[in-house]
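Please read the structure below before turning to the comments.
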Amino acid sequence: MIRTRFAPSPTGYLHIGGARTCLFNWLFARANKGKFILRIEDTDKVRSKQEYLDEILNSLKWLGLDWDEIYYQSQRFPLYLELAKKLLAEGKAYEAEDGLGAIILKIPQKTVEIDDLIHGKIVFDTATIKDQVLIKSDGTPTYNFACVVDDADLKLSHIIRGDDHISNTPKQIVIYEALGFALPAFAHIPMILSGQGGRLSKRFGATAISEYKNMGFLAEATVNYLSLLGWSPGENQEIVSKDEAVKKFSIKDVNHTAAAFNLDKFRWVNNYYIKNLEPDKLLELLMPFFREKGYIKDDNFDRNWLVDLVKLFQPRVSTLMELVEWPVFCFTQDVEFSPEAKEKLLENNLSKEFELLKERFASLDKFDHTSVEEVFRKTIEELKIKSKVLIHPLRAALTGALIGPGIFEVISLLGKDRVSKRLSKAIELLKESKR
RNA sequence: GCCCCCAUCGUCUAGCCUGGCCUAGGACACGAGCUUUUCAAGCUUGCGACACCGGUUCGAAUCCGGUUGGGGGCGCCA
């Protein structure tokens, strides 16, 4: 039976690297019809916080990395103590000379071989390892000891963890051997570096999974992007669902090389998932953002109108946050102009043209984008001007920006009244600037 | 300082195990063009890498050794 685990310590948030380690453990367990176990390493009573634990668990749930069993090291202290005392009795460990009660393992002189599933054979000489504290003088276990005791006791078959644990492994193997426990298989996966090389840390932008969630990254996109860091489904495939990844995942295909986290690619993957999501489902994800922004105050809103809005912006945004911020002009009565948009609007005096458009838009029965476009095309034909002469200032006048979705869809979405109002405002501005 | 890991385009990677199919493929980013309405979407296209030196071999990105470079560890933190 394949049994893997993710063992976070609730002394911080779930970050990119931890999530990727968790994902690979999860994928390996699911791919082999095994069990995936969560073990909370809360032995440090001072630094462990409930708030962090909640955040980690919520992030894992959000990513859809479900676990079959969960354990807390803080509830297993008697086991660690019992086994440490056993080693003491067998003469394999000794008590610290300072008389404070710490229990320390004697490291035998030998070479230790790790048969790593990813790296192959790694050899260590224990001469470079000093005696290891098993139980601290406050009675709590050290990381390496609790880790080995639990990995063995919980019958884990595969230990999949970051490269940074390679040098812990010989220490742990010595503990396994002292305890007489069978060794699990080890697989050390490459670390994730920041875009600028070096360790991923706060200094290089967001690292917590929840921050990405708040920025409007989708869970599916996050899992997809993370799975591509150090692994590839092959056949030039960039978009891979969790189910597909489970089918294709093999620990032997995991890279040896550290991977740099690249926000641009992550955003590209997220864009893919956003634009391929049902507009209706996308709106559901967007609602909390809309409410937080104050775009929607109560339950009295036009759902169909919102779906239309979502459809318009969905292909061109990389995060939900962008899909909240870009259409701000659709949720306000008046437009706020960007400096470039204002400049564009005032570039030529189009007040007459705007007047004409305003009149004709007002007289439309149907205000859908095809009717709007029809009227517009007819008007420019009469005026003998090119469409772009009018379209760009029009976009500026109605949206306050120079870029955005197709202008006719936007006009239709804004509705007759607001279009009329904003055209009047634009005409006013044009007249003012003439003086 | 000591120990360990790693080395293909700027970045993520395919290929490496089982040498020839590799004038090294894809994706992101970047550049150019198209989209007679913008781009922040789409399409086309361009730029761009086997770290270096030796060895093995008829033949090396692929196997071996070294150098250099990057990363990690050396806590009564996890």
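Simple scheme: letters A, B, ... for chains in structure tokens order, numbers from 1 for residues in each chain, numbers from 1 for ligands in the order shown.
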
Chain B residues within 8 Å of chain A, counting only C-alpha atoms (C1' of nucleotides): which ones, as a ChimeraX atom specification? /B:2-7,11-14,26-29,37-41,71-73,76,78

As an MDAnalysis selection string, which residues of range 104-238 of chain A does DSSP assign to helix (DSSP H, G or I)? chainID A and resid 126:128 143:153 163:179 202:204 209:215 219:227

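The gap separating CA of Leu282 in chain A from CA of Leu309 in chain A is 11.1 Å, in Å to one decimal.
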
Residue contacts of Val149 in chain A (12 Å, only C-alpha atoms (C1' of nucleotides)) excluding same-chain residues fewer than 5 positions away, as a PyMOL selection string: chain A and resi 73+76-84+134+141-144+154-156+172-173+175-184

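Distances to Ala146 in chain A were evaluated for A:Gln75, A:Asp115, A:Trp26, A:Met1 using only C-alpha atoms, and the minimum falls at A:Gln75.
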
Find the residues near Asp54 in chain A: any atom within 10 Å, counting only C-alpha atoms (C1' of nucleotides), skip ones fewer than 5 places away on the same chain, and give them as a ChimeraX atom specification. /A:10,13,49,59-60

Between B:U57, B:A49, B:U36, B:C74, which has the minimum distance to A24 in chain B (counting only C-alpha atoms (C1' of nucleotides))? B:A49

Could you give me, as a PDB file with N, CA and C atoms (P, O5', C5', C4', C3', O3' and C1' of nucleotides), in the first residue's frame, the residues within 12 Å of G19 in chain B, counting only C-alpha atoms (C1' of nucleotides) and dropping anything in the same chain fewer than 3 positions from it?
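selection_10.pdb, written as the output of this step:
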```
ATOM      1  P     C B  16      15.347  10.212 -23.785  1.00  0.00           P
ATOM      2  O5'   C B  16      16.810  10.559 -23.269  1.00  0.00           O
ATOM      3  C5'   C B  16      17.972  10.318 -24.080  1.00  0.00           C
ATOM      4  C4'   C B  16      19.187  10.632 -23.261  1.00  0.00           C
ATOM      5  C3'   C B  16      19.363   9.713 -22.063  1.00  0.00           C
ATOM      6  O3'   C B  16      20.613   9.061 -22.171  1.00  0.00           O
ATOM      7  C1'   C B  16      19.411  12.035 -21.415  1.00  0.00           C
ATOM      8  P     U B  56      40.130   8.685 -25.549  1.00  0.00           P
ATOM      9  O5'   U B  56      38.810   7.839 -25.254  1.00  0.00           O
ATOM     10  C5'   U B  56      38.834   6.771 -24.305  1.00  0.00           C
ATOM     11  C4'   U B  56      37.471   6.147 -24.212  1.00  0.00           C
ATOM     12  C3'   U B  56      36.859   5.766 -25.551  1.00  0.00           C
ATOM     13  O3'   U B  56      37.350   4.509 -26.006  1.00  0.00           O
ATOM     14  C1'   U B  56      35.263   6.909 -24.243  1.00  0.00           C
ATOM     15  P     U B  57      37.906   4.415 -27.493  1.00  0.00           P
ATOM     16  O5'   U B  57      36.582   4.543 -28.355  1.00  0.00           O
ATOM     17  C5'   U B  57      35.543   3.585 -28.217  1.00  0.00           C
ATOM     18  C4'   U B  57      34.323   4.051 -28.938  1.00  0.00           C
ATOM     19  C3'   U B  57      34.562   4.495 -30.375  1.00  0.00           C
ATOM     20  O3'   U B  57      34.625   3.392 -31.257  1.00  0.00           O
ATOM     21  C1'   U B  57      33.172   6.069 -29.266  1.00  0.00           C
ATOM     22  P     G B  59      34.685   8.903 -33.220  1.00  0.00           P
ATOM     23  O5'   G B  59      33.148   9.285 -33.273  1.00  0.00           O
ATOM     24  C5'   G B  59      32.730  10.326 -34.187  1.00  0.00           C
ATOM     25  C4'   G B  59      31.231  10.447 -34.160  1.00  0.00           C
ATOM     26  C3'   G B  59      30.637  10.806 -32.792  1.00  0.00           C
ATOM     27  O3'   G B  59      30.640  12.212 -32.629  1.00  0.00           O
ATOM     28  C1'   G B  59      29.432   8.994 -33.731  1.00  0.00           C
ATOM     29  P     A B  60      30.837  12.812 -31.147  1.00  0.00           P
ATOM     30  O5'   A B  60      29.460  12.426 -30.432  1.00  0.00           O
ATOM     31  C5'   A B  60      28.219  13.066 -30.784  1.00  0.00           C
ATOM     32  C4'   A B  60      27.496  13.380 -29.488  1.00  0.00           C
ATOM     33  C3'   A B  60      28.157  14.527 -28.749  1.00  0.00           C
ATOM     34  O3'   A B  60      27.253  15.562 -28.458  1.00  0.00           O
ATOM     35  C1'   A B  60      28.026  12.562 -27.392  1.00  0.00           C
ATOM     36  P     A B  61      26.489  16.581 -29.029  1.00  0.00           P
ATOM     37  O5'   A B  61      25.556  17.195 -27.882  1.00  0.00           O
ATOM     38  C5'   A B  61      26.129  17.917 -26.802  1.00  0.00           C
ATOM     39  C4'   A B  61      25.234  17.840 -25.594  1.00  0.00           C
ATOM     40  C3'   A B  61      25.180  16.473 -24.932  1.00  0.00           C
ATOM     41  O3'   A B  61      26.177  16.377 -23.954  1.00  0.00           O
ATOM     42  C1'   A B  61      22.977  17.278 -25.322  1.00  0.00           C
ATOM     43  P     U B  62      26.748  14.970 -23.481  1.00  0.00           P
ATOM     44  O5'   U B  62      25.436  14.106 -23.225  1.00  0.00           O
ATOM     45  C5'   U B  62      24.833  13.940 -21.937  1.00  0.00           C
ATOM     46  C4'   U B  62      23.698  12.986 -22.154  1.00  0.00           C
ATOM     47  C3'   U B  62      24.114  11.524 -22.114  1.00  0.00           C
ATOM     48  O3'   U B  62      23.354  10.831 -21.137  1.00  0.00           O
ATOM     49  C1'   U B  62      22.872  12.015 -24.100  1.00  0.00           C
ATOM     50  P     C B  63      23.916  10.809 -19.659  1.00  0.00           P
ATOM     51  O5'   C B  63      25.128   9.782 -19.787  1.00  0.00           O
ATOM     52  C5'   C B  63      24.908   8.382 -19.679  1.00  0.00           C
ATOM     53  C4'   C B  63      26.233   7.685 -19.696  1.00  0.00           C
ATOM     54  C3'   C B  63      27.311   8.359 -18.850  1.00  0.00           C
ATOM     55  O3'   C B  63      27.210   7.972 -17.483  1.00  0.00           O
ATOM     56  C1'   C B  63      28.192   7.862 -20.972  1.00  0.00           C
TER      57        C B  63
END
```
